[in-house]
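Undergrad: This structure is in structure tokens; I'll ask about it shortly.
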Amino acid sequence: MQIYKFGGSVLQEAYGIHRMAEALQQAGRPLVVVVSAFGKTTNALEELANLSVLENRQEEIFRKTEKLNEYHVGILTTLWGNAGVHVPGYNRLENLFSELTQLLTTGPGSSFDSWHDLIVSFGERLSSSVVYSYLKKKFPDIVYRDIREIIVTDSRFGSAGVLWEETVRRVRQAFSASENLFLTQGYIAGTPNKETTTLGREGSDFTAAILGSILDAEKVILWKDVPGVMNADPKICTDAVRLPGISYQEAAEMAFYGAKVIHPKTIKPLQNKHIPLVVRGLEYPDNMGTTIWDFEEMERHVPVYIRKKRQILLSVFPRDYSFVLNRHLEDLFGQFKQWVFNISLVQISAISVSFCIDDPGVLFMERVRKLQDDYEVYFNRDAELLTFRHYTEKTINEKLQSCLILVSQRTRLTAQYVVKRVAGE
Ligand code: ADP
Ligand code: ASP
Ligand code: MG
């Protein structure tokens with residue numbers, strides 16, 4: 001058994017789906033194929049969900065939903081050689097769009113979070129529906145599975161936790177070896193009561209890992225728009241090089257510090273079972289990509305550079321005592337957990353604690369006001385976290401040239417800087 005996952009980066013136009021079909025042709029069986037939403041569809045759906053709670057936005061919602069509809073119909077009809085809209089899969093797509101329109105018109109009711117997950121789930125439901133209708137012709141034995149009935153989670157909408165025992169049972173039943181080729185969705189899941197949930201943004205990689213781990217897959221392959229895991233994001237460093245093999249630990253560190261190529265939760269389920277995770281480029285079929293496995297860490301590793309944008313450096317000073325005490329830390333971490341503040345770096349001094357966190361958007365100022373009851377609070381928005389693994393002074397100095405350093409931390413393997421850009425990008 002192998003798991004192939006195709007992300008939004010490769011499935012943004014019909015061309016990518018043709019390439020996907022070629023990859024499936026070459027692949028061994030049994031095979032489970034996991035797809036994400038096309039391109040940036042999840043962002044568009046999040047925007048629609050947020051607009052629906054504002055007043056007088058019906059016109060805008062209608063326009064944006066139409067645009068999404070045209071985008072999906074465009075991909076479907078291109079796949080079928082522009083043979084008009086009466087192609088396999090069209091009715092199913094239109095049904096999904098009328099369901100979506102209906103939900104957006106009705107609005108969230110009492111629970112915005114559960115409704116939000118339901119709205120964004122349309123990304124994967126639409127993409128899998130288009131892909132299925134096309135693949136069915138090429139691979140008549142392909143079996144469609146709705147993952148919301150198979151991966152079972154708690155009700156933490158937006159970032160639901162997997163209920164493993166029930167999920168293991170259902171996954172083994174749904175993807176039994178009596179069939180050869182399956183198609184299903186990443187990112188979305190369901191509660192025992194059949195409410196739709198999501199596993200956290202970019203969570204389709206994690207879905208592939210959940211299935212790979214439960215099914216004891218021979219390997220899990222993530223097909224991306226890059227040749228593999230590189231020593232820096234090739235979109236910002238043109239001289240980035242592919243890393244042919246890295247350890248689970250190295251991959252986990254890179255993902256945690258913001259290398260968007262792999263979702264951080266993907267590593268552990270596969271590491272536990274020693275299942276190789278392979279990142280390959282759909283456009284680079286002759287290149288074996290990057291294998292992540294139990295490799296001994298290479299002694300002379302290539303320096304790795306990770307840039308995480310939209311960070312906030314938040315510094316708090318307790319008002320009651322001049323020193324930071326354990327109970328302040330307990331209080332702060334407790335609040336951050338509740339607010340789902342994602343912390344990438346912490347620095348403690350005698351009188352203050354600084355946190356580098358992902359920008360939580362509109363909620364941030366409300367949270368700051370809450371903190372101000374007990375703390376003096378300072379913050380720097382639009383900061384970046386730069387992480388260097390296996391660093392050399394030269395690599396660090398080059399990248400820090402146009403940066404104002406707010407915080408720095410170094411260990412033997414990792415150097416980190418919270419910075420503000422002072423010039424250029
Ligand atoms: P998918 O939609 O398939 O999940 P993503 O867009 O999430 O794909 O991840 C692929 C992107 O990750 C690439 O386009 C690349 O810009 C970015 N990326 C960031 N860091 C790295 C890295 N170290 N190596 C490769 N790609 C990286
Ligand atoms: N479509 C989801 C997102 O954009 C999941 C994913 O792409 O992995 O977050
Ligand atoms: Mg992704």
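Ordered as shown in the structure tokens, chains take letters A, B, and onward, while each chain numbers its residues from 1 and ligands are numbered from 1 in the order shown.
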Taking only C-alpha atoms and all ligand atoms and a cut-off of 9 Å, can you tell me which residues surround ligand 1, written as an MDAnalysis selection string?
TA: chainID A and resid 5:11 36:40 202:205 222:236 240:243 254:255 258:263 279 304:307
Undergrad: Residues of stretch 15-189 of chain A classed as strand (DSSP E) by DSSP on the backbone are to be reported as number ranges by chain.
TA: A: 31-35, 143-144, 181-185, 188-189
Undergrad: Would you output that residue set with N, CA, C and O atoms, as a JSON list (two decimals), in the first residue's frame?
TA:
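So the final result, stored in again17.json, reads:
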[["chain", "number", "residue", "atom", "x", "y", "z"],
["A", 31, "LEU", "N", -3.20, 1.64, -3.82],
["A", 31, "LEU", "CA", -2.80, 3.03, -3.71],
["A", 31, "LEU", "C", -3.98, 3.85, -3.19],
["A", 31, "LEU", "O", -5.10, 3.69, -3.67],
["A", 32, "VAL", "N", -3.70, 4.71, -2.21],
["A", 32, "VAL", "CA", -4.72, 5.67, -1.75],
["A", 32, "VAL", "C", -4.28, 7.05, -2.20],
["A", 32, "VAL", "O", -3.15, 7.46, -1.92],
["A", 33, "VAL", "N", -5.15, 7.76, -2.91],
["A", 33, "VAL", "CA", -4.84, 9.10, -3.40],
["A", 33, "VAL", "C", -5.61, 10.12, -2.56],
["A", 33, "VAL", "O", -6.83, 10.02, -2.43],
["A", 34, "VAL", "N", -4.86, 11.08, -2.00],
["A", 34, "VAL", "CA", -5.47, 12.12, -1.16],
["A", 34, "VAL", "C", -5.34, 13.45, -1.90],
["A", 34, "VAL", "O", -4.25, 13.78, -2.36],
["A", 35, "VAL", "N", -6.44, 14.18, -2.04],
["A", 35, "VAL", "CA", -6.34, 15.49, -2.71],
["A", 35, "VAL", "C", -6.74, 16.64, -1.78],
["A", 35, "VAL", "O", -7.61, 16.50, -0.93],
["A", 143, "VAL", "N", -12.12, 3.88, -6.44],
["A", 143, "VAL", "CA", -13.20, 3.92, -5.44],
["A", 143, "VAL", "C", -13.13, 5.25, -4.69],
["A", 143, "VAL", "O", -12.05, 5.64, -4.23],
["A", 144, "TYR", "N", -14.28, 5.94, -4.57],
["A", 144, "TYR", "CA", -14.34, 7.25, -3.90],
["A", 144, "TYR", "C", -14.70, 7.04, -2.44],
["A", 144, "TYR", "O", -15.63, 6.29, -2.12],
["A", 181, "LEU", "N", -7.46, 0.92, -5.83],
["A", 181, "LEU", "CA", -7.20, 2.35, -6.00],
["A", 181, "LEU", "C", -8.31, 3.16, -5.37],
["A", 181, "LEU", "O", -9.49, 2.97, -5.70],
["A", 182, "PHE", "N", -7.93, 4.04, -4.45],
["A", 182, "PHE", "CA", -8.92, 4.85, -3.73],
["A", 182, "PHE", "C", -8.64, 6.33, -3.95],
["A", 182, "PHE", "O", -7.47, 6.73, -4.07],
["A", 183, "LEU", "N", -9.70, 7.13, -3.93],
["A", 183, "LEU", "CA", -9.54, 8.58, -3.94],
["A", 183, "LEU", "C", -10.27, 9.16, -2.74],
["A", 183, "LEU", "O", -11.44, 8.81, -2.48],
["A", 184, "THR", "N", -9.61, 10.04, -2.00],
["A", 184, "THR", "CA", -10.26, 10.66, -0.86],
["A", 184, "THR", "C", -9.73, 12.08, -0.64],
["A", 184, "THR", "O", -8.87, 12.54, -1.42],
["A", 185, "GLN", "N", -10.22, 12.76, 0.40],
["A", 185, "GLN", "CA", -9.86, 14.16, 0.61],
["A", 185, "GLN", "C", -8.89, 14.31, 1.79],
["A", 185, "GLN", "O", -8.98, 13.59, 2.76],
["A", 188, "ILE", "N", -10.04, 17.46, 5.78],
["A", 188, "ILE", "CA", -11.35, 17.45, 6.43],
["A", 188, "ILE", "C", -11.59, 16.12, 7.16],
["A", 188, "ILE", "O", -10.97, 15.11, 6.85],
["A", 189, "ALA", "N", -12.46, 16.15, 8.13],
["A", 189, "ALA", "CA", -12.75, 14.95, 8.93],
["A", 189, "ALA", "C", -14.15, 15.13, 9.51],
["A", 189, "ALA", "O", -14.89, 16.03, 9.10]]
Undergrad: Kindly provide the residues of stretch 1-30 of chain A that approach stretch 128-132 of chain A to within 10 Å, each paired with its closest atom pair and their distance in Å to one decimal, based on only C-alpha atoms, listed by chain and increasing number, as a Markdown table.
TA:
| residue | atom | partner | partner_atom | distance |
| --- | --- | --- | --- | --- |
| A:Leu11 | CA | A:Val131 | CA | 9.5 |
| A:Ala14 | CA | A:Val131 | CA | 9.4 |
| A:Ile17 | CA | A:Val131 | CA | 7.2 |
| A:His18 | CA | A:Val131 | CA | 9.8 |
| A:Met20 | CA | A:Val131 | CA | 9.6 |
| A:Ala21 | CA | A:Val131 | CA | 9.4 |
Undergrad: Go ahead and save the picked residues with C-alpha atoms, as a short mmCIF file (atom, residue, chain, number, x, y, z; two decimals), in the first residue's frame.
TA:
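Once written, part-v4.cif looks like this:
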data_model
loop_
_atom_site.label_atom_id
_atom_site.label_comp_id
_atom_site.auth_asym_id
_atom_site.auth_seq_id
_atom_site.Cartn_x
_atom_site.Cartn_y
_atom_site.Cartn_z
CA LEU A 11 -3.85 20.95 -8.46
CA ALA A 14 -6.36 21.02 -15.39
CA ILE A 17 -4.62 16.84 -12.92
CA HIS A 18 -3.31 15.41 -16.20
CA MET A 20 -1.45 13.48 -11.58
CA ALA A 21 -3.14 10.87 -13.80
#
Undergrad: Residues near stretch 57-62 of chain A, anyone? I mean within 9 Å using only C-alpha atoms, not counting same-chain ones fewer than 3 positions away, as an MDAnalysis selection string.
TA: chainID A and resid 48 51:54 65:67 101 104:105
Undergrad: Mind listing the helix (DSSP H, G or I) residues of stretch 93-172 of chain A, per DSSP on the backbone, as a ChimeraX atom specification?
TA: /A:93-106,112-120,122-138,147-149,164-172
Undergrad: Under the rule that only C-alpha atoms are counted, which of A:Ile147, A:Ile221, A:Gly289, A:Asn380 is the nearest residue to A:Ser354?
TA: A:Asn380
